[in-house]
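Notes follow the structure.
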Amino acid sequence: MGVRLTGVLELPARLAALNGAARERADRLYEVRLVSGHTVPPPELEPWLATTFGSVAAVRDQTVVKVTNRVTLEATLFAPLRSRRPIDGAKHGRHLAREISAVEGDPFCHPETGTPADTFGRVRGTRVITGANAAMADAHHAVLVFDVHDPLAFDTETVVDLLRTGREWAERARRDDPDAVNYLLIWNCLWRAGSSIIHGHAQALLGSGSHYAAVERLRRDAAGYDGDLIEEMIAVHRSLGLTIDLPGGVVLVAHLTPRKERELLLIGSPGGEETDPPFADALARTLIGYRDRVGVTSFNLALWRPPLANAEGWEAIPPMVRLVDRGDPSIRPSDIGAMELYGTPIVGSDPYDLIEALR
Ligand SMILES: [Zn+2]
């Protein structure tokens with residue numbers, strides 16, 4: 001055996017090694033296919049290919065792992081060579097820290113005068129204060145502004161207070177609008193992740209009617225499945241070595257069908273709350289590891305949870321956070337292309353590297 005190239009290429013072998021119920025469960029939930037592609041490089045191109053991709057052979061014969069969740073139809077093409085593609089226009093001289101500090105003194109540095117308030121006022125946490133989003137996307141849409149400017153300067157208390165303050169905001173908004181029960185907390189960190197403001201902040205939305213579409217999709221998929229979908233998804237990931245069990249029944253999962261690079265799922269227990277200390281602490285630990293050990297600087301985060309009231313039919317959906325890396329802020333091409341929007345997302349990173357980095 002040579003050097004272990006990448007763990008995800010061994011996924012079919014790992015599946016084949018499962019026995020009995022574990023094998024049955026994995027086959028019921030996931031389709032995993034290993035496919036190979038071949039190219040014929042001209043000799044003139046060989047030196048460049050060797051430098052860029054490690055070897056000419058790596059370009060000549062390639063392997064892609066296709067994983068599909070048969071129930072949710074989330075799917076990913078793991079193409080390890082993609083992460084080595086050259087990027088035109090990468091500006092290595094730009095320093096993120098300098099760019100962040102250059103806009104210090106922005107409106108979020110003084111949120112009480114720099115953001116509108118909600119009609120009921122503001123919710124003040126220990127590290128986070130709410131404002132109404134100046135350009136609302138729903139009847140209730142808040143910004144949760146951090147007390148420090150640098151969006152990457154968060155610590156455990158920031159994350160715990162974010163969950164607490166976001167939830168308090170939602171409960172407060174619901175008092176004036178009892179039909180608004182669908183609470184969604186999101187955090188777009190830096191411009192690669194879609195953020196227009198650098199200053200550390202998250203957002204909270206509270207909607208009526210159907211839950212936000214992606215959350216409602218999961219509820220429907222779970223309801224239509226003959227079994228406990230979330231529990232079985234966790235079990236498959238665990239049997240394949242892609243989970244970390246944390247205190248209080250919280251599980252960190254390196255996702256088999258990530259939406260994009262290095263996607264993590266942090267899953268609480270059914271009936272639990274995202275503000276429960278084990279879940280909040282696990283999220284803080286995860287985000288700090290994502291930043292410090294994995295080196296992620298730009299990410300999207302979403303908290304999925306059942307509606308705050310009238311949650312019949314949501315019993316099997318625990319609070320969960322989805323978290324995805326949006327790449328190096330100094331790189332110009334978007335990480336999201338037509339495949340991600342209209343096909344199957346292509347991912348270059350390896351979930352096994354990710355889970356190892358966070359152990
Ligand atoms: Zn600021």
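Ordered as shown in the structure tokens, chains take letters A, B, and onward, while each chain numbers its residues from 1 and ligands are numbered from 1 in the order shown.
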
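Every residue having at least one atom no farther than 8 Å from ligand 1 is included below, with only C-alpha atoms and all ligand atoms taken into account: Val103, Glu104, Gly105, Asp106, Pro107, Phe108, Cys109, His110, Val148, His149, Asp150, Ile198, His199 and Gly200 of chain A.
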
I need the chosen residues saved as a PDB file, in the first residue's frame, with N, CA, C and O atoms.
ATOM      1  N   VAL A 103     -12.023  48.676   7.917  1.00  0.00           N
ATOM      2  CA  VAL A 103     -13.385  49.229   7.966  1.00  0.00           C
ATOM      3  C   VAL A 103     -13.885  49.378   9.411  1.00  0.00           C
ATOM      4  O   VAL A 103     -15.081  49.517   9.655  1.00  0.00           O
ATOM      5  N   GLU A 104     -12.957  49.366  10.339  1.00  0.00           N
ATOM      6  CA  GLU A 104     -13.361  49.583  11.739  1.00  0.00           C
ATOM      7  C   GLU A 104     -13.991  50.972  11.859  1.00  0.00           C
ATOM      8  O   GLU A 104     -13.570  51.902  11.186  1.00  0.00           O
ATOM      9  N   GLY A 105     -15.004  51.069  12.712  1.00  0.00           N
ATOM     10  CA  GLY A 105     -15.737  52.332  12.803  1.00  0.00           C
ATOM     11  C   GLY A 105     -16.996  52.335  11.945  1.00  0.00           C
ATOM     12  O   GLY A 105     -17.676  53.340  11.816  1.00  0.00           O
ATOM     13  N   ASP A 106     -17.322  51.157  11.370  1.00  0.00           N
ATOM     14  CA  ASP A 106     -18.539  51.018  10.557  1.00  0.00           C
ATOM     15  C   ASP A 106     -19.785  51.136  11.445  1.00  0.00           C
ATOM     16  O   ASP A 106     -19.671  51.160  12.674  1.00  0.00           O
ATOM     17  N   PRO A 107     -20.982  51.226  10.814  1.00  0.00           N
ATOM     18  CA  PRO A 107     -22.211  51.394  11.612  1.00  0.00           C
ATOM     19  C   PRO A 107     -22.407  50.315  12.692  1.00  0.00           C
ATOM     20  O   PRO A 107     -22.953  50.605  13.767  1.00  0.00           O
ATOM     21  N   PHE A 108     -21.942  49.067  12.430  1.00  0.00           N
ATOM     22  CA  PHE A 108     -22.126  48.005  13.423  1.00  0.00           C
ATOM     23  C   PHE A 108     -21.193  48.175  14.625  1.00  0.00           C
ATOM     24  O   PHE A 108     -21.372  47.504  15.639  1.00  0.00           O
ATOM     25  N   CYS A 109     -20.194  49.038  14.506  1.00  0.00           N
ATOM     26  CA  CYS A 109     -19.339  49.325  15.661  1.00  0.00           C
ATOM     27  C   CYS A 109     -20.095  50.154  16.708  1.00  0.00           C
ATOM     28  O   CYS A 109     -19.698  50.216  17.864  1.00  0.00           O
ATOM     29  N   HIS A 110     -21.179  50.804  16.282  1.00  0.00           N
ATOM     30  CA  HIS A 110     -22.056  51.517  17.232  1.00  0.00           C
ATOM     31  C   HIS A 110     -23.507  51.194  16.865  1.00  0.00           C
ATOM     32  O   HIS A 110     -24.252  52.009  16.326  1.00  0.00           O
ATOM     33  N   VAL A 148     -17.505  42.821  19.203  1.00  0.00           N
ATOM     34  CA  VAL A 148     -16.190  43.096  18.614  1.00  0.00           C
ATOM     35  C   VAL A 148     -16.320  43.185  17.089  1.00  0.00           C
ATOM     36  O   VAL A 148     -17.126  42.485  16.482  1.00  0.00           O
ATOM     37  N   HIS A 149     -15.511  44.028  16.516  1.00  0.00           N
ATOM     38  CA  HIS A 149     -15.583  44.290  15.073  1.00  0.00           C
ATOM     39  C   HIS A 149     -15.164  43.071  14.239  1.00  0.00           C
ATOM     40  O   HIS A 149     -15.861  42.684  13.301  1.00  0.00           O
ATOM     41  N   ASP A 150     -14.038  42.483  14.596  1.00  0.00           N
ATOM     42  CA  ASP A 150     -13.461  41.384  13.810  1.00  0.00           C
ATOM     43  C   ASP A 150     -14.380  40.152  13.855  1.00  0.00           C
ATOM     44  O   ASP A 150     -14.583  39.569  14.920  1.00  0.00           O
ATOM     45  N   ILE A 198     -18.606  43.566   7.053  1.00  0.00           N
ATOM     46  CA  ILE A 198     -17.522  42.767   7.624  1.00  0.00           C
ATOM     47  C   ILE A 198     -17.699  42.558   9.125  1.00  0.00           C
ATOM     48  O   ILE A 198     -17.479  41.451   9.637  1.00  0.00           O
ATOM     49  N   HIS A 199     -18.103  43.597   9.833  1.00  0.00           N
ATOM     50  CA  HIS A 199     -18.258  43.536  11.290  1.00  0.00           C
ATOM     51  C   HIS A 199     -19.009  42.253  11.702  1.00  0.00           C
ATOM     52  O   HIS A 199     -20.022  41.902  11.107  1.00  0.00           O
ATOM     53  N   GLY A 200     -18.528  41.578  12.720  1.00  0.00           N
ATOM     54  CA  GLY A 200     -19.108  40.319  13.159  1.00  0.00           C
ATOM     55  C   GLY A 200     -20.598  40.433  13.441  1.00  0.00           C
ATOM     56  O   GLY A 200     -21.007  41.268  14.243  1.00  0.00           O
TER      57      GLY A 200
END

From a backbone DSSP assignment, name each residue in segment 23-236 of chain A labelled helix (DSSP H, G or I), as an mmCIF file with N, CA and C atoms, in the first residue's frame.
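Saved file part.cif follows:
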data_model
loop_
_atom_site.group_PDB
_atom_site.id
_atom_site.type_symbol
_atom_site.label_atom_id
_atom_site.label_comp_id
_atom_site.auth_asym_id
_atom_site.auth_seq_id
_atom_site.Cartn_x
_atom_site.Cartn_y
_atom_site.Cartn_z
ATOM 1 N N ARG A 23 -24.736 -2.407 7.600
ATOM 2 C CA ARG A 23 -24.617 -2.440 6.146
ATOM 3 C C ARG A 23 -25.966 -2.159 5.491
ATOM 4 N N GLU A 24 -26.998 -2.782 6.055
ATOM 5 C CA GLU A 24 -28.350 -2.623 5.526
ATOM 6 C C GLU A 24 -28.801 -1.164 5.605
ATOM 7 N N ARG A 25 -28.517 -0.568 6.759
ATOM 8 C CA ARG A 25 -28.906 0.832 6.986
ATOM 9 C C ARG A 25 -28.176 1.754 6.005
ATOM 10 N N ALA A 26 -26.887 1.519 5.853
ATOM 11 C CA ALA A 26 -26.100 2.362 4.948
ATOM 12 C C ALA A 26 -26.610 2.232 3.514
ATOM 13 N N ASP A 27 -26.911 1.019 3.092
ATOM 14 C CA ASP A 27 -27.389 0.807 1.722
ATOM 15 C C ASP A 27 -28.774 1.411 1.507
ATOM 16 N N ARG A 28 -29.586 1.379 2.564
ATOM 17 C CA ARG A 28 -30.938 1.924 2.450
ATOM 18 C C ARG A 28 -30.890 3.437 2.274
ATOM 19 N N LEU A 29 -29.937 4.080 2.943
ATOM 20 C CA LEU A 29 -29.896 5.543 2.957
ATOM 21 C C LEU A 29 -28.997 6.138 1.883
ATOM 22 N N PRO A 43 2.407 15.912 -24.311
ATOM 23 C CA PRO A 43 3.697 16.010 -23.601
ATOM 24 C C PRO A 43 4.024 17.440 -23.175
ATOM 25 N N GLU A 44 3.627 18.421 -24.013
ATOM 26 C CA GLU A 44 3.936 19.821 -23.706
ATOM 27 C C GLU A 44 3.301 20.258 -22.389
ATOM 28 N N LEU A 45 2.216 19.619 -22.023
ATOM 29 C CA LEU A 45 1.472 20.043 -20.836
ATOM 30 C C LEU A 45 1.979 19.354 -19.565
ATOM 31 N N GLU A 46 2.745 18.277 -19.752
ATOM 32 C CA GLU A 46 3.097 17.427 -18.612
ATOM 33 C C GLU A 46 3.803 18.141 -17.454
ATOM 34 N N PRO A 47 4.819 18.991 -17.743
ATOM 35 C CA PRO A 47 5.484 19.654 -16.605
ATOM 36 C C PRO A 47 4.513 20.495 -15.773
ATOM 37 N N TRP A 48 3.626 21.198 -16.464
ATOM 38 C CA TRP A 48 2.668 22.050 -15.756
ATOM 39 C C TRP A 48 1.688 21.201 -14.925
ATOM 40 N N LEU A 49 1.244 20.107 -15.513
ATOM 41 C CA LEU A 49 0.327 19.222 -14.782
ATOM 42 C C LEU A 49 0.998 18.646 -13.537
ATOM 43 N N ALA A 50 2.276 18.255 -13.715
ATOM 44 C CA ALA A 50 2.999 17.659 -12.584
ATOM 45 C C ALA A 50 3.135 18.671 -11.451
ATOM 46 N N THR A 51 3.436 19.928 -11.792
ATOM 47 C CA THR A 51 3.585 20.958 -10.765
ATOM 48 C C THR A 51 2.247 21.279 -10.104
ATOM 49 N N THR A 52 1.224 21.370 -10.948
ATOM 50 C CA THR A 52 -0.064 21.830 -10.439
ATOM 51 C C THR A 52 -0.819 20.744 -9.678
ATOM 52 N N PHE A 53 -0.800 19.537 -10.219
ATOM 53 C CA PHE A 53 -1.635 18.475 -9.631
ATOM 54 C C PHE A 53 -0.829 17.388 -8.921
ATOM 55 N N VAL A 56 1.566 13.712 -13.290
ATOM 56 C CA VAL A 56 0.813 13.589 -14.542
ATOM 57 C C VAL A 56 -0.183 12.446 -14.414
ATOM 58 N N ALA A 57 0.241 11.398 -13.716
ATOM 59 C CA ALA A 57 -0.635 10.230 -13.555
ATOM 60 C C ALA A 57 -1.939 10.606 -12.851
ATOM 61 N N ALA A 58 -1.835 11.573 -11.915
ATOM 62 C CA ALA A 58 -3.033 11.992 -11.173
ATOM 63 C C ALA A 58 -4.062 12.625 -12.094
ATOM 64 N N VAL A 59 -3.593 13.198 -13.191
ATOM 65 C CA VAL A 59 -4.508 13.816 -14.156
ATOM 66 C C VAL A 59 -4.963 12.780 -15.189
ATOM 67 N N ARG A 60 -4.060 11.863 -15.515
ATOM 68 C CA ARG A 60 -4.364 10.840 -16.534
ATOM 69 C C ARG A 60 -5.511 9.938 -16.064
ATOM 70 N N PRO A 80 -11.383 14.802 -5.625
ATOM 71 C CA PRO A 80 -10.225 15.298 -4.857
ATOM 72 C C PRO A 80 -9.295 16.195 -5.660
ATOM 73 N N LEU A 81 -9.211 15.981 -6.967
ATOM 74 C CA LEU A 81 -8.289 16.785 -7.763
ATOM 75 C C LEU A 81 -8.757 18.236 -7.897
ATOM 76 N N ARG A 82 -10.057 18.450 -7.714
ATOM 77 C CA ARG A 82 -10.605 19.789 -7.898
ATOM 78 C C ARG A 82 -9.984 20.806 -6.950
ATOM 79 N N SER A 83 -9.651 20.355 -5.747
ATOM 80 C CA SER A 83 -9.115 21.294 -4.771
ATOM 81 C C SER A 83 -7.711 21.756 -5.156
ATOM 82 N N ARG A 84 -7.101 21.084 -6.149
ATOM 83 C CA ARG A 84 -5.761 21.482 -6.576
ATOM 84 C C ARG A 84 -5.771 22.308 -7.850
ATOM 85 N N LEU A 96 -6.061 39.405 5.080
ATOM 86 C CA LEU A 96 -7.423 39.465 5.592
ATOM 87 C C LEU A 96 -7.538 40.384 6.803
ATOM 88 N N ALA A 97 -6.614 40.235 7.745
ATOM 89 C CA ALA A 97 -6.708 41.026 8.976
ATOM 90 C C ALA A 97 -6.685 42.526 8.673
ATOM 91 N N ARG A 98 -5.853 42.891 7.699
ATOM 92 C CA ARG A 98 -5.762 44.317 7.356
ATOM 93 C C ARG A 98 -7.077 44.789 6.734
ATOM 94 N N GLU A 99 -7.655 43.930 5.907
ATOM 95 C CA GLU A 99 -8.912 44.318 5.268
ATOM 96 C C GLU A 99 -10.045 44.456 6.278
ATOM 97 N N ILE A 100 -10.010 43.577 7.282
ATOM 98 C CA ILE A 100 -11.048 43.646 8.317
ATOM 99 C C ILE A 100 -10.891 44.931 9.132
ATOM 100 N N SER A 101 -9.660 45.235 9.541
ATOM 101 C CA SER A 101 -9.486 46.403 10.413
ATOM 102 C C SER A 101 -9.646 47.719 9.650
ATOM 103 N N ALA A 102 -9.491 47.660 8.327
ATOM 104 C CA ALA A 102 -9.616 48.892 7.526
ATOM 105 C C ALA A 102 -11.007 49.512 7.625
ATOM 106 N N PRO A 107 -20.982 51.226 10.814
ATOM 107 C CA PRO A 107 -22.211 51.394 11.612
ATOM 108 C C PRO A 107 -22.407 50.315 12.692
ATOM 109 N N PHE A 108 -21.942 49.067 12.430
ATOM 110 C CA PHE A 108 -22.126 48.005 13.423
ATOM 111 C C PHE A 108 -21.193 48.175 14.625
ATOM 112 N N CYS A 109 -20.194 49.038 14.506
ATOM 113 C CA CYS A 109 -19.339 49.325 15.661
ATOM 114 C C CYS A 109 -20.095 50.154 16.708
ATOM 115 N N PRO A 111 -23.922 49.936 17.166
ATOM 116 C CA PRO A 111 -25.192 49.414 16.653
ATOM 117 C C PRO A 111 -26.428 50.203 17.103
ATOM 118 N N GLU A 112 -26.363 50.859 18.236
ATOM 119 C CA GLU A 112 -27.578 51.535 18.722
ATOM 120 C C GLU A 112 -27.914 52.761 17.879
ATOM 121 N N THR A 113 -26.903 53.314 17.220
ATOM 122 C CA THR A 113 -27.179 54.407 16.279
ATOM 123 C C THR A 113 -26.940 53.964 14.840
ATOM 124 N N GLY A 114 -26.281 52.819 14.676
ATOM 125 C CA GLY A 114 -25.918 52.364 13.326
ATOM 126 C C GLY A 114 -26.894 51.380 12.713
ATOM 127 N N THR A 156 -16.066 31.350 22.973
ATOM 128 C CA THR A 156 -17.179 30.517 23.435
ATOM 129 C C THR A 156 -18.362 31.371 23.866
ATOM 130 N N GLU A 157 -18.083 32.415 24.646
ATOM 131 C CA GLU A 157 -19.162 33.249 25.167
ATOM 132 C C GLU A 157 -19.937 33.942 24.035
ATOM 133 N N THR A 158 -19.228 34.343 22.985
ATOM 134 C CA THR A 158 -19.912 34.973 21.840
ATOM 135 C C THR A 158 -20.936 34.012 21.246
ATOM 136 N N VAL A 159 -20.509 32.771 21.046
ATOM 137 C CA VAL A 159 -21.375 31.787 20.390
ATOM 138 C C VAL A 159 -22.554 31.426 21.287
ATOM 139 N N VAL A 160 -22.284 31.210 22.560
ATOM 140 C CA VAL A 160 -23.351 30.864 23.504
ATOM 141 C C VAL A 160 -24.345 32.019 23.605
ATOM 142 N N ASP A 161 -23.826 33.241 23.668
ATOM 143 C CA ASP A 161 -24.710 34.405 23.783
ATOM 144 C C ASP A 161 -25.484 34.651 22.492
ATOM 145 N N LEU A 162 -24.876 34.315 21.364
ATOM 146 C CA LEU A 162 -25.574 34.457 20.081
ATOM 147 C C LEU A 162 -26.825 33.574 20.057
ATOM 148 N N LEU A 163 -26.675 32.321 20.495
ATOM 149 C CA LEU A 163 -27.823 31.408 20.511
ATOM 150 C C LEU A 163 -28.898 31.912 21.472
ATOM 151 N N ARG A 164 -28.444 32.389 22.625
ATOM 152 C CA ARG A 164 -29.373 32.841 23.663
ATOM 153 C C ARG A 164 -30.112 34.108 23.214
ATOM 154 N N THR A 165 -29.363 35.067 22.686
ATOM 155 C CA THR A 165 -29.949 36.355 22.302
ATOM 156 C C THR A 165 -30.855 36.202 21.083
ATOM 157 N N GLY A 166 -30.441 35.356 20.142
ATOM 158 C CA GLY A 166 -31.270 35.113 18.960
ATOM 159 C C GLY A 166 -32.612 34.523 19.353
ATOM 160 N N ARG A 167 -32.555 33.562 20.250
ATOM 161 C CA ARG A 167 -33.784 32.916 20.702
ATOM 162 C C ARG A 167 -34.682 33.875 21.467
ATOM 163 N N GLU A 168 -34.054 34.709 22.298
ATOM 164 C CA GLU A 168 -34.826 35.687 23.076
ATOM 165 C C GLU A 168 -35.502 36.687 22.129
ATOM 166 N N TRP A 169 -34.779 37.080 21.093
ATOM 167 C CA TRP A 169 -35.359 37.978 20.087
ATOM 168 C C TRP A 169 -36.586 37.330 19.444
ATOM 169 N N ALA A 170 -36.454 36.048 19.098
ATOM 170 C CA ALA A 170 -37.556 35.353 18.424
ATOM 171 C C ALA A 170 -38.780 35.261 19.340
ATOM 172 N N GLU A 171 -38.532 34.949 20.606
ATOM 173 C CA GLU A 171 -39.651 34.844 21.553
ATOM 174 C C GLU A 171 -40.315 36.214 21.727
ATOM 175 N N ARG A 172 -39.504 37.260 21.737
ATOM 176 C CA ARG A 172 -40.034 38.611 21.909
ATOM 177 C C ARG A 172 -40.860 39.023 20.682
ATOM 178 N N ALA A 173 -40.353 38.716 19.495
ATOM 179 C CA ALA A 173 -41.059 39.087 18.262
ATOM 180 C C ALA A 173 -42.373 38.315 18.149
ATOM 181 N N ARG A 174 -42.361 37.083 18.620
ATOM 182 C CA ARG A 174 -43.539 36.223 18.531
ATOM 183 C C ARG A 174 -44.671 36.709 19.445
ATOM 184 N N ARG A 175 -44.311 37.395 20.512
ATOM 185 C CA ARG A 175 -45.324 37.903 21.430
ATOM 186 C C ARG A 175 -46.284 38.860 20.702
ATOM 187 N N ASP A 176 -45.743 39.646 19.765
ATOM 188 C CA ASP A 176 -46.574 40.600 19.023
ATOM 189 C C ASP A 176 -47.180 39.973 17.773
ATOM 190 N N TRP A 191 -17.341 38.151 3.065
ATOM 191 C CA TRP A 191 -18.000 38.366 1.769
ATOM 192 C C TRP A 191 -18.136 37.114 0.925
ATOM 193 N N ARG A 192 -17.204 36.158 1.070
ATOM 194 C CA ARG A 192 -17.358 34.920 0.293
ATOM 195 C C ARG A 192 -18.663 34.225 0.659
ATOM 196 N N ALA A 193 -19.096 34.428 1.904
ATOM 197 C CA ALA A 193 -20.300 33.765 2.384
ATOM 198 C C ALA A 193 -21.553 34.614 2.150
ATOM 199 N N ALA A 213 -37.760 27.002 3.529
ATOM 200 C CA ALA A 213 -37.923 25.884 2.602
ATOM 201 C C ALA A 213 -37.013 24.689 2.890
ATOM 202 N N ALA A 214 -35.736 24.958 3.173
ATOM 203 C CA ALA A 214 -34.805 23.845 3.362
ATOM 204 C C ALA A 214 -35.143 23.051 4.630
ATOM 205 N N VAL A 215 -35.664 23.754 5.626
ATOM 206 C CA VAL A 215 -36.020 23.085 6.880
ATOM 207 C C VAL A 215 -37.285 22.258 6.676
ATOM 208 N N GLU A 216 -38.240 22.834 5.974
ATOM 209 C CA GLU A 216 -39.484 22.123 5.677
ATOM 210 C C GLU A 216 -39.207 20.872 4.815
ATOM 211 N N ARG A 217 -38.228 21.002 3.901
ATOM 212 C CA ARG A 217 -37.843 19.866 3.059
ATOM 213 C C ARG A 217 -37.390 18.683 3.926
ATOM 214 N N LEU A 218 -36.583 18.984 4.942
ATOM 215 C CA LEU A 218 -36.100 17.924 5.822
ATOM 216 C C LEU A 218 -37.251 17.290 6.595
ATOM 217 N N ARG A 219 -38.174 18.132 7.073
ATOM 218 C CA ARG A 219 -39.300 17.578 7.833
ATOM 219 C C ARG A 219 -40.100 16.621 6.962
ATOM 220 N N ARG A 220 -40.352 17.033 5.721
ATOM 221 C CA ARG A 220 -41.117 16.170 4.821
ATOM 222 C C ARG A 220 -40.383 14.876 4.518
ATOM 223 N N ASP A 221 -39.091 14.979 4.259
ATOM 224 C CA ASP A 221 -38.302 13.779 3.960
ATOM 225 C C ASP A 221 -38.322 12.823 5.152
ATOM 226 N N ALA A 222 -38.194 13.390 6.353
ATOM 227 C CA ALA A 222 -38.198 12.563 7.562
ATOM 228 C C ALA A 222 -39.569 11.929 7.768
ATOM 229 N N ALA A 223 -40.629 12.709 7.498
ATOM 230 C CA ALA A 223 -41.993 12.202 7.695
ATOM 231 C C ALA A 223 -42.310 11.075 6.710
ATOM 232 N N LEU A 229 -35.166 9.084 10.383
ATOM 233 C CA LEU A 229 -34.192 9.497 9.372
ATOM 234 C C LEU A 229 -32.918 10.081 9.982
ATOM 235 N N ILE A 230 -33.085 11.036 10.889
ATOM 236 C CA ILE A 230 -31.904 11.726 11.433
ATOM 237 C C ILE A 230 -31.046 10.744 12.225
ATOM 238 N N GLU A 231 -31.734 9.943 13.060
ATOM 239 C CA GLU A 231 -31.004 8.978 13.881
ATOM 240 C C GLU A 231 -30.228 7.993 13.000
ATOM 241 N N GLU A 232 -30.849 7.566 11.912
ATOM 242 C CA GLU A 232 -30.177 6.598 11.027
ATOM 243 C C GLU A 232 -29.045 7.236 10.237
ATOM 244 N N MET A 233 -29.241 8.507 9.851
ATOM 245 C CA MET A 233 -28.142 9.203 9.168
ATOM 246 C C MET A 233 -26.931 9.307 10.097
ATOM 247 N N ILE A 234 -27.188 9.641 11.356
ATOM 248 C CA ILE A 234 -26.088 9.720 12.326
ATOM 249 C C ILE A 234 -25.425 8.344 12.451
ATOM 250 N N ALA A 235 -26.243 7.299 12.542
ATOM 251 C CA ALA A 235 -25.706 5.943 12.724
ATOM 252 C C ALA A 235 -24.811 5.531 11.552
ATOM 253 N N VAL A 236 -25.212 5.891 10.343
ATOM 254 C CA VAL A 236 -24.387 5.537 9.175
ATOM 255 C C VAL A 236 -23.050 6.282 9.248
#

Proximity to Tyr342 of chain A - best of A:Ala75, A:Asn300, A:Val128, A:Ala16, only C-alpha atoms:
A:Ala75

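Straight-line separation from atom CA of Pro151 of chain A to atom CA of Ser195 of chain A: 10.8 Å.
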
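If only C-alpha atoms are the atoms counted, then among A:Val64, A:Arg322, A:Ala22, A:Pro178 the closest residue to Pro258 of chain A is A:Arg322.
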
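In terms of minimum interatomic distance to Phe78 of chain A, A:Arg33 ranks closest within A:His38, A:Arg124, A:Arg285, A:Arg33, counting only C-alpha atoms.
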
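Among the candidates A:Val145, A:Ile244, A:Leu206, A:Leu323, the residue lying nearest to Leu358 of chain A is A:Ile244 (atoms considered: only C-alpha atoms).
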
If you count only C-alpha atoms, which residues fall within 10 Å of segment 261-263 of chain A, apart from same-chain ones fewer than 3 positions away, as a PyMOL selection string?
chain A and resi 78+83+253-258+290+294+296+299-301+322-327+335+345-355

With distances taken over only C-alpha atoms, which residue among A:Glu315, A:Val321, A:Arg305, A:Asp245 lies nearest Leu265 of chain A?
A:Val321

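The nearest approach to Asp276 of chain A among the residues A:Leu341, A:Leu264, A:Val250, A:Leu144, with only C-alpha atoms taken into account, belongs to A:Val250.
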
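Straight-line separation from atom CA of Lys66 of chain A to atom CA of Val32 of chain A: 5.6 Å.
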